[in-house]
There are 2 protein chains.
Amino acid sequence: MLDQTITNIQPLDETAIQAAQARQNILTKPTGALGMLEDLSIQLAGIQRQAIPSLSKPMIVVMAGDHGVTRSGVSAYPAEVTPQMVMNMLFGGAAINVLANQIGAKTVIVDMGVASEIPAHPDLVTKKIAAGTGDITTERAMSVEQAKAAIQAGIDVINAQDAGSFDILITGEMGIGNTTPAAAICAAITGRSPADIVGRGTGVDDEGLSRKQAAVTKALNLHQPNAEEAIDILSKVGGFEIGGLVGAILATAAQGKPILVDGFISTSAAMLATLLNENVRRYLIGGHRSQELGHKIMLDWLQINPLVDLNLRLGEGSGAALAYPIVSAACKILSDMATFEDAGVSNKE
Amino acid sequence: MLDQTITNIQPLDETAIQAAQARQNILTKPTGALGMLEDLSIQLAGIQRQAIPSLSKPMIVVMAGDHGVTRSGVSAYPAEVTPQMVMNMLFGGAAINVLANQIGAKTVIVDMGVASEIPAHPDLVTKKIAAGTGDITTERAMSVEQAKAAIQAGIDVINAQDAGSFDILITGEMGIGNTTPAAAICAAITGRSPADIVGRGTGVDDEGLSRKQAAVTKALNLHQPNAEEAIDILSKVGGFEIGGLVGAILATAAQGKPILVDGFISTSAAMLATLLNENVRRYLIGGHRSQELGHKIMLDWLQINPLVDLNLRLGEGSGAALAYPIVSAACKILSDMATFEDAGVSNKE
């Protein structure tokens with residue numbers, strides 16, 4: 001199923017791309033005057049394989065998991081906050097709930113590997129691979145089997161939805177400590193130094209930052225992950241919620257739908273998904289540029305230019321949810337604007 | 001009326017600002033993790049003079065006017081496009097109509113000084129000061145009386161709306177050639193060289209760019225506008241739609257409501273409004289960073305940091321309309337998120 005999903009991800013449709021480009025050029029505005037909106041509408045045409053794409057059903061999937069590396073003092077918050085924030089999301093009090101309401105997004109909360117039991121709730125999807133990962137500074141985050149199971153669980157979460165119930169995936173996550181594995185994944189893939197990638201996450205002080213850098217360095221030295229092998233990297237230095245996101249991204253791309261990528265952790269999952277199939281890259285839309293140090297390195301590796309830069313460092317899917325109206329607007333511009341001919345407007349002299 | 005409106009613009013309410021800041025600090029997220037959204041919510045609290053601001057009724061005002069300087073070959077499009085695009089807006093085919101629909105904004109189109117007659121339409125507000133400005137390279141754009149009348153007309157457009165019908169103004173404009181007066185206004189106020197400010201507008205080639213720079217230089221040398229006198233600058237090198245926007249901004253600020261500023265032309269109007277009353281500055285929210293060369297200089301002078309940067313160079317209010325959902329989200333975050341105490345979430349260790 002995992003292999004089949006990966007195989008099913010097609011290149012974008014060039015005919016639709018050309019048709020969308022041609023239409024952009026006859027709309028009543030100077031060519032190129034809508035900048036990134038024009039590029040986005042053309043990319044979406046290629047993803048949806050139709051000249052005039054449309055979007056109206058965003059779905060936010062928030063994957064949650066805990067991290068053994070928190071025992072190395074890498075986070076400003078205690079690990080107990082992971083289940084507390086999952087409960088907060090289930091009861092509608094988190095930032096992502098507010099932003100989901102604003103854009104009318106369906107929201108799915110998934111326990112991929114929270115360390116404690118989360119009380120049953122009708123909106124909670126339980127795919128717990130294990131009760132938190134291993135401490136990557138001394139052991140693998142998870143076994144290879146668990147890594148594959150996490151990705152498969154993410155695929156299953158997407159494929160369990162009615163296909164007509166969403167037309168764009170917004171990635172989100174919750175997991176105290178998860179900027180550390182995300183930084184390790186980025187370092188493993190790009191070969192860049194942890195000092196260039198590890199940031200302050202939810203707000204560690206200088207000593208905490210040093211501990212994070214040391215933890216990433218130690219994990220990479222211990223495990224020597226293969227820069228081109230997503231499963232190897234995920235199992236050695238990843239996280240269950242990151243694996244879930246990899247699967248969700250793969251399954252969404254396989255369905256021919258775009259993925260609006262959130263910040264540092266979500267982008268690390270997008271990198272792993274792209275390692276599994278290079279075609280994934282063009283299904284990705286960068287939601288926002290995170291304040292987290294290494295996010296720019298991730299975005300550059302993926303060759304994506306994010307839509308907003310609001311100094312956010314929250315995760316949950318918040319930056320991507322904030323960017324969604326821009327993506328939606330890009331489609332509406334292409335479908336609803338008048339052409340020069342229709343409107344009787346003179347074109348450039 | 002003009003003087004009274006200017007006098008009525010109050011400093012922001014510091015009590016509301018402090019209350020909003022205090023509430024941001026107890027919401028279930030790391031302090032500061034929502035970056036510019038937090039700052040924005042606090043600014044809006046100060047503008048609305050209440051601890052938890054709310055926004056739900058955006059109004060887009062598009063001011064249109066023609067420019068005698070187009071006879072100097074400063075635009076890639078013929079001047080006849082101004083009335084054509086006004087008609088396109090009245091019939092719903094322009095980019096701003098599509099974006100207005102998306103955000104549920106009331107839209108008001110105002111003829112401030114289009115050179116030709118625009119056929120009557122129920123949604124057209126006619127405040128025509130004159131049929132286009134003078135060519136600023138050889139004469140004043142307008143008389144001092146016309147400049148005051150243009151600002152007053154903008155005030156009247158705002159005050160004619162039911163006060164409860166809008167809670168934020170989005171500025172927009174249409175006027176072939178109007179990046180030239182906007183650049184001249186910026187140069188007059190900041191003293192920066194036209195070479196640093198004049199850009200390609202809707203897309204002039206290198207020769208057109210040279211003509212624009214020469215036109216701005218010639219106008220400034222001829223008229224020697226006073227850098228601190230908004231009416232002097234507007235009358236010598238401005239435009240009727242720019243004057244209308246100055247008035248709309250002043251009247252909105254006087255009503256204690258925020259102004260979401262669009263690109264290059266709108267921002268030049270915001271600068272003039274700020275010259276008239278320094279309090280205006282804090283009522284302004286930067287919608288977007290335009291691709292037009294001098295926009296950064298304008299934003300720096302106003303000390304505002306725009307919300308999005310999407311390589312836009314269209315005007316009409318398009319960039320600000322695209323940014324509106326972010327402003328709305330900033331309010332909703334402050335009002336709707338749970339606190340650490342409410343949600344039973346542990347705070348930073």
# chains A, B, ... in the order shown; residues from 1 in each chain; ligands from 1

call {"tool": "select_by_dssp", "arguments": {"residues": "range 34-121 of chain B", "states": "alpha helix (DSSP H)", "output": "count of residues only"}}
result
33

call {"tool": "select_by_dssp", "arguments": {"residues": "range 81-309 of chain A", "states": "strand (DSSP E)", "output": "PyMOL selection string"}}
result
chain A and resi 106-113+124-126+168-174+259-261+284-286

call {"tool": "closest_residue", "arguments": {"among": "A:Gln161, A:Ser335, A:Thr133, A:Ser318", "to": "Ala94 in chain B", "atoms": "only C-alpha atoms"}}
result
A:Ser335

call {"tool": "closest_residue", "arguments": {"among": "A:Asn226, A:Ser41, A:Thr31, A:Gln48", "to": "chain B", "atoms": "only C-alpha atoms"}}
result
A:Thr31

call {"tool": "closest_residue", "arguments": {"among": "A:Ala20, A:Ile109, A:Val81, A:Ile151", "to": "chain B", "atoms": "only C-alpha atoms"}}
result
A:Val81

call {"tool": "residues_around", "arguments": {"residues": "range 262-268 of chain A", "least_positions_apart": "3", "cutoff": "8 Å", "atoms": "only C-alpha atoms", "output": "PyMOL selection string"}}
result
chain A and resi 170-173+178-179+182-183+185-186+242+245+271-272+286-290+292+294-295+298-299+313+315-321

call {"tool": "write_last_selection", "arguments": {"atoms": "N, CA, C and O atoms", "output": "short mmCIF file (atom, residue, chain, number, x, y, z; two decimals), in the first residue's frame"}}
result
data_model
loop_
_atom_site.label_atom_id
_atom_site.label_comp_id
_atom_site.auth_asym_id
_atom_site.auth_seq_id
_atom_site.Cartn_x
_atom_site.Cartn_y
_atom_site.Cartn_z
N ILE A 170 -4.08 20.68 4.61
CA ILE A 170 -3.25 21.58 5.41
C ILE A 170 -2.61 20.73 6.50
O ILE A 170 -3.30 20.07 7.27
N THR A 171 -1.27 20.73 6.54
CA THR A 171 -0.57 19.87 7.49
C THR A 171 -0.39 20.58 8.83
O THR A 171 -0.05 21.76 8.87
N GLY A 172 -0.61 19.84 9.90
CA GLY A 172 -0.38 20.40 11.22
C GLY A 172 0.17 19.35 12.16
O GLY A 172 0.11 18.15 11.87
N GLU A 173 0.74 19.79 13.27
CA GLU A 173 1.30 18.83 14.23
C GLU A 173 1.35 19.41 15.63
O GLU A 173 1.30 20.62 15.81
N ASN A 178 9.40 18.46 19.22
CA ASN A 178 9.55 17.99 17.84
C ASN A 178 10.31 18.90 16.89
O ASN A 178 10.60 18.50 15.76
N THR A 179 10.73 20.09 17.35
CA THR A 179 11.66 20.82 16.47
C THR A 179 13.03 20.16 16.46
O THR A 179 13.80 20.35 15.51
N ALA A 182 12.90 17.35 13.80
CA ALA A 182 12.77 18.03 12.49
C ALA A 182 14.10 18.62 12.06
O ALA A 182 14.48 18.54 10.89
N ALA A 183 14.83 19.21 13.02
CA ALA A 183 16.15 19.75 12.70
C ALA A 183 17.11 18.63 12.30
O ALA A 183 17.91 18.78 11.36
N ILE A 185 16.31 15.80 10.89
CA ILE A 185 15.94 15.36 9.54
C ILE A 185 16.52 16.31 8.50
O ILE A 185 17.10 15.89 7.49
N CYS A 186 16.39 17.61 8.74
CA CYS A 186 16.91 18.61 7.80
C CYS A 186 18.42 18.47 7.65
O CYS A 186 18.96 18.48 6.54
N ILE A 242 5.66 12.97 12.58
CA ILE A 242 6.32 13.34 11.32
C ILE A 242 6.09 12.24 10.29
O ILE A 242 5.77 12.51 9.13
N LEU A 245 2.63 12.52 8.97
CA LEU A 245 2.52 13.61 7.98
C LEU A 245 3.11 13.20 6.64
O LEU A 245 2.58 13.57 5.58
N MET A 271 9.93 17.12 3.16
CA MET A 271 11.24 16.73 2.60
C MET A 271 11.33 15.21 2.50
O MET A 271 11.77 14.66 1.48
N LEU A 272 10.91 14.51 3.55
CA LEU A 272 10.96 13.05 3.53
C LEU A 272 10.05 12.50 2.44
O LEU A 272 10.41 11.57 1.71
N GLY A 286 4.03 26.24 -0.17
CA GLY A 286 4.61 26.70 1.10
C GLY A 286 3.65 27.66 1.79
O GLY A 286 3.32 28.72 1.26
N GLY A 287 3.18 27.30 2.97
CA GLY A 287 2.23 28.14 3.68
C GLY A 287 2.89 29.40 4.22
O GLY A 287 2.50 30.52 3.90
N HIS A 288 3.94 29.21 5.02
CA HIS A 288 4.58 30.38 5.61
C HIS A 288 6.05 30.11 5.88
O HIS A 288 6.50 28.96 5.88
N ARG A 289 6.78 31.20 6.08
CA ARG A 289 8.17 31.12 6.48
C ARG A 289 8.19 31.23 7.99
O ARG A 289 7.82 32.26 8.55
N SER A 290 8.62 30.16 8.65
CA SER A 290 8.65 30.13 10.11
C SER A 290 9.82 30.95 10.64
O SER A 290 10.83 31.15 9.95
N GLU A 292 11.58 29.78 12.91
CA GLU A 292 12.56 28.78 13.32
C GLU A 292 13.77 28.83 12.38
O GLU A 292 13.63 28.83 11.15
N GLY A 294 16.18 27.03 10.94
CA GLY A 294 16.50 26.25 9.75
C GLY A 294 15.42 26.16 8.70
O GLY A 294 15.60 25.49 7.68
N HIS A 295 14.30 26.85 8.91
CA HIS A 295 13.19 26.67 7.97
C HIS A 295 13.55 27.11 6.56
O HIS A 295 13.16 26.47 5.57
N MET A 298 15.22 24.38 4.69
CA MET A 298 14.25 23.39 4.23
C MET A 298 13.51 23.86 2.97
O MET A 298 13.38 23.12 1.99
N LEU A 299 13.03 25.10 3.02
CA LEU A 299 12.26 25.64 1.89
C LEU A 299 13.13 25.73 0.64
O LEU A 299 12.68 25.42 -0.46
N ARG A 313 5.91 30.98 15.02
CA ARG A 313 6.70 29.81 15.44
C ARG A 313 5.83 28.94 16.33
O ARG A 313 6.24 28.48 17.38
N GLY A 315 3.50 26.28 14.91
CA GLY A 315 3.12 24.97 14.40
C GLY A 315 1.62 24.79 14.43
O GLY A 315 0.88 25.76 14.25
N GLU A 316 1.19 23.55 14.64
CA GLU A 316 -0.24 23.16 14.68
C GLU A 316 -0.88 23.20 13.30
O GLU A 316 -2.01 22.74 13.13
N GLY A 317 -0.22 23.81 12.31
CA GLY A 317 -0.83 24.09 11.01
C GLY A 317 -1.24 25.54 10.89
O GLY A 317 -1.85 25.95 9.90
N SER A 318 -0.87 26.35 11.90
CA SER A 318 -1.38 27.72 11.98
C SER A 318 -0.95 28.59 10.79
O SER A 318 -1.77 29.33 10.23
N GLY A 319 0.31 28.50 10.41
CA GLY A 319 0.79 29.34 9.30
C GLY A 319 0.14 28.96 7.98
O GLY A 319 -0.21 29.82 7.17
N ALA A 320 -0.03 27.67 7.78
CA ALA A 320 -0.65 27.21 6.53
C ALA A 320 -2.13 27.59 6.50
O ALA A 320 -2.66 28.00 5.46
N ALA A 321 -2.81 27.46 7.64
CA ALA A 321 -4.22 27.84 7.68
C ALA A 321 -4.39 29.33 7.38
O ALA A 321 -5.32 29.74 6.69
#

call {"tool": "atom_distance", "arguments": {"atom1": "CA of Ala338 in chain A", "atom2": "CA of Leu209 in chain B"}}
result
28.4 Å

call {"tool": "atom_distance", "arguments": {"atom1": "CA of Glu139 in chain A", "atom2": "CA of Leu275 in chain A"}}
result
23.4 Å

call {"tool": "residues_around", "arguments": {"residues": "Asp13 in chain B", "least_positions_apart": "2", "cutoff": "8 Å", "atoms": "only C-alpha atoms", "output": "list in words"}}
result
Pro11, Thr15, Ala16, Ile17, Ala45, Gly46, Ile47, Gln48 and Arg49 of chain B

call {"tool": "residues_around", "arguments": {"residues": "Thr7 in chain A", "least_positions_apart": "2", "cutoff": "12 Å", "atoms": "only C-alpha atoms", "output": "list in words"}}
result
Met1, Leu2, Asp3, Gln4, Thr5, Ile9, Gln10, Pro11, Leu250, Ala251, Ala253, Ala254, Gln255, Leu276, Asn277, Glu278, Asn279 and Val280 of chain A

call {"tool": "closest_residue", "arguments": {"among": "A:Ser165, A:Ser54, A:Gln152, A:Ser210", "to": "Thr107 in chain A", "atoms": "only C-alpha atoms"}}
result
A:Ser165

call {"tool": "closest_residue", "arguments": {"among": "B:Leu37, B:Val98, B:Thr190, B:Gln21", "to": "Val308 in chain A", "atoms": "only C-alpha atoms"}}
result
B:Leu37

call {"tool": "atom_distance", "arguments": {"atom1": "CA of Ala19 in chain B", "atom2": "CA of Ala273 in chain B"}}
result
28.4 Å

call {"tool": "closest_residue", "arguments": {"among": "B:Asn221, B:Gln213, B:Asn311, B:Asn25", "to": "chain A", "atoms": "only C-alpha atoms"}}
result
B:Asn311

call {"tool": "residues_around", "arguments": {"residues": "Leu293 in chain B", "least_positions_apart": "6", "cutoff": "7 Å", "atoms": "only C-alpha atoms", "output": "compact mmCIF listing (two decimals) with C-alpha atoms, in the first residue's frame"}}
result
# COMPACT_ATOMS: atom_id res chain seq x y z
CA ILE B 197 11.56 55.45 -6.09
CA VAL B 198 10.28 55.35 -9.65
CA GLY B 199 9.42 51.83 -10.79

call {"tool": "decode", "arguments": {"residues": "range 37-63 of chain A", "atoms": "N, CA, C and O atoms", "output": "compact mmCIF listing (two decimals), in the first residue's frame"}}
result
# COMPACT_ATOMS: atom_id res chain seq x y z
N LEU A 37 0.25 34.90 -7.05
CA LEU A 37 -1.09 34.34 -7.25
C LEU A 37 -1.21 33.69 -8.62
O LEU A 37 -1.89 32.67 -8.78
N GLU A 38 -0.56 34.30 -9.59
CA GLU A 38 -0.60 33.74 -10.94
C GLU A 38 0.13 32.40 -10.98
O GLU A 38 -0.38 31.40 -11.49
N ASP A 39 1.32 32.38 -10.40
CA ASP A 39 2.10 31.13 -10.37
C ASP A 39 1.33 30.03 -9.66
O ASP A 39 1.32 28.87 -10.08
N LEU A 40 0.69 30.41 -8.57
CA LEU A 40 -0.03 29.44 -7.76
C LEU A 40 -1.21 28.87 -8.53
O LEU A 40 -1.46 27.65 -8.50
N SER A 41 -1.93 29.72 -9.24
CA SER A 41 -3.10 29.24 -9.99
C SER A 41 -2.66 28.26 -11.06
O SER A 41 -3.36 27.28 -11.35
N ILE A 42 -1.50 28.52 -11.65
CA ILE A 42 -0.99 27.66 -12.72
C ILE A 42 -0.54 26.31 -12.14
O ILE A 42 -0.81 25.25 -12.70
N GLN A 43 0.13 26.36 -11.00
CA GLN A 43 0.53 25.12 -10.32
C GLN A 43 -0.70 24.29 -9.95
O GLN A 43 -0.74 23.07 -10.15
N LEU A 44 -1.73 24.96 -9.42
CA LEU A 44 -2.95 24.25 -9.02
C LEU A 44 -3.65 23.64 -10.22
O LEU A 44 -4.23 22.55 -10.13
N ALA A 45 -3.61 24.33 -11.37
CA ALA A 45 -4.17 23.76 -12.60
C ALA A 45 -3.46 22.44 -12.92
O ALA A 45 -4.10 21.44 -13.24
N GLY A 46 -2.14 22.46 -12.81
CA GLY A 46 -1.36 21.25 -13.09
C GLY A 46 -1.66 20.13 -12.12
O GLY A 46 -1.71 18.95 -12.49
N ILE A 47 -1.85 20.47 -10.86
CA ILE A 47 -2.15 19.46 -9.84
C ILE A 47 -3.54 18.87 -10.07
O ILE A 47 -3.73 17.66 -10.05
N GLN A 48 -4.52 19.74 -10.32
CA GLN A 48 -5.91 19.27 -10.48
C GLN A 48 -6.18 18.77 -11.90
O GLN A 48 -7.28 18.28 -12.17
N ARG A 49 -5.18 18.96 -12.80
CA ARG A 49 -5.31 18.51 -14.18
C ARG A 49 -6.50 19.14 -14.86
O ARG A 49 -7.22 18.51 -15.65
N GLN A 50 -6.76 20.42 -14.58
CA GLN A 50 -7.81 21.17 -15.27
C GLN A 50 -7.38 22.62 -15.41
O GLN A 50 -6.71 23.16 -14.53
N ALA A 51 -7.80 23.25 -16.51
CA ALA A 51 -7.31 24.59 -16.85
C ALA A 51 -7.70 25.62 -15.81
O ALA A 51 -6.96 26.56 -15.55
N ILE A 52 -8.88 25.45 -15.21
CA ILE A 52 -9.32 26.40 -14.18
C ILE A 52 -9.54 25.63 -12.89
O ILE A 52 -10.56 24.97 -12.70
N PRO A 53 -8.56 25.65 -12.00
CA PRO A 53 -8.68 24.88 -10.76
C PRO A 53 -9.68 25.55 -9.80
O PRO A 53 -9.99 26.73 -9.95
N SER A 54 -10.16 24.78 -8.87
CA SER A 54 -11.03 25.36 -7.84
C SER A 54 -10.75 24.69 -6.51
O SER A 54 -10.36 23.52 -6.45
N LEU A 55 -10.92 25.45 -5.46
CA LEU A 55 -10.69 24.94 -4.10
C LEU A 55 -11.81 25.46 -3.21
O LEU A 55 -12.13 26.64 -3.23
N SER A 56 -12.37 24.59 -2.41
CA SER A 56 -13.38 25.06 -1.46
C SER A 56 -13.45 24.23 -0.19
O SER A 56 -14.18 24.58 0.72
N LYS A 57 -12.69 23.12 -0.15
CA LYS A 57 -12.82 22.23 0.99
C LYS A 57 -11.47 21.93 1.63
O LYS A 57 -10.91 20.84 1.47
N PRO A 58 -10.93 22.87 2.38
CA PRO A 58 -9.66 22.60 3.06
C PRO A 58 -9.85 21.62 4.20
O PRO A 58 -10.88 21.64 4.89
N MET A 59 -8.86 20.76 4.38
CA MET A 59 -8.87 19.85 5.53
C MET A 59 -7.54 20.00 6.26
O MET A 59 -6.47 19.90 5.65
N ILE A 60 -7.63 20.23 7.56
CA ILE A 60 -6.43 20.32 8.38
C ILE A 60 -6.26 19.00 9.10
O ILE A 60 -7.19 18.52 9.76
N VAL A 61 -5.10 18.37 8.96
CA VAL A 61 -4.80 17.16 9.71
C VAL A 61 -3.67 17.48 10.69
O VAL A 61 -2.58 17.88 10.28
N VAL A 62 -3.97 17.36 11.97
CA VAL A 62 -2.98 17.61 13.01
C VAL A 62 -2.53 16.27 13.57
O VAL A 62 -3.33 15.53 14.15
N MET A 63 -1.26 15.96 13.38
CA MET A 63 -0.69 14.71 13.88
C MET A 63 0.06 15.01 15.18
O MET A 63 0.86 15.96 15.22
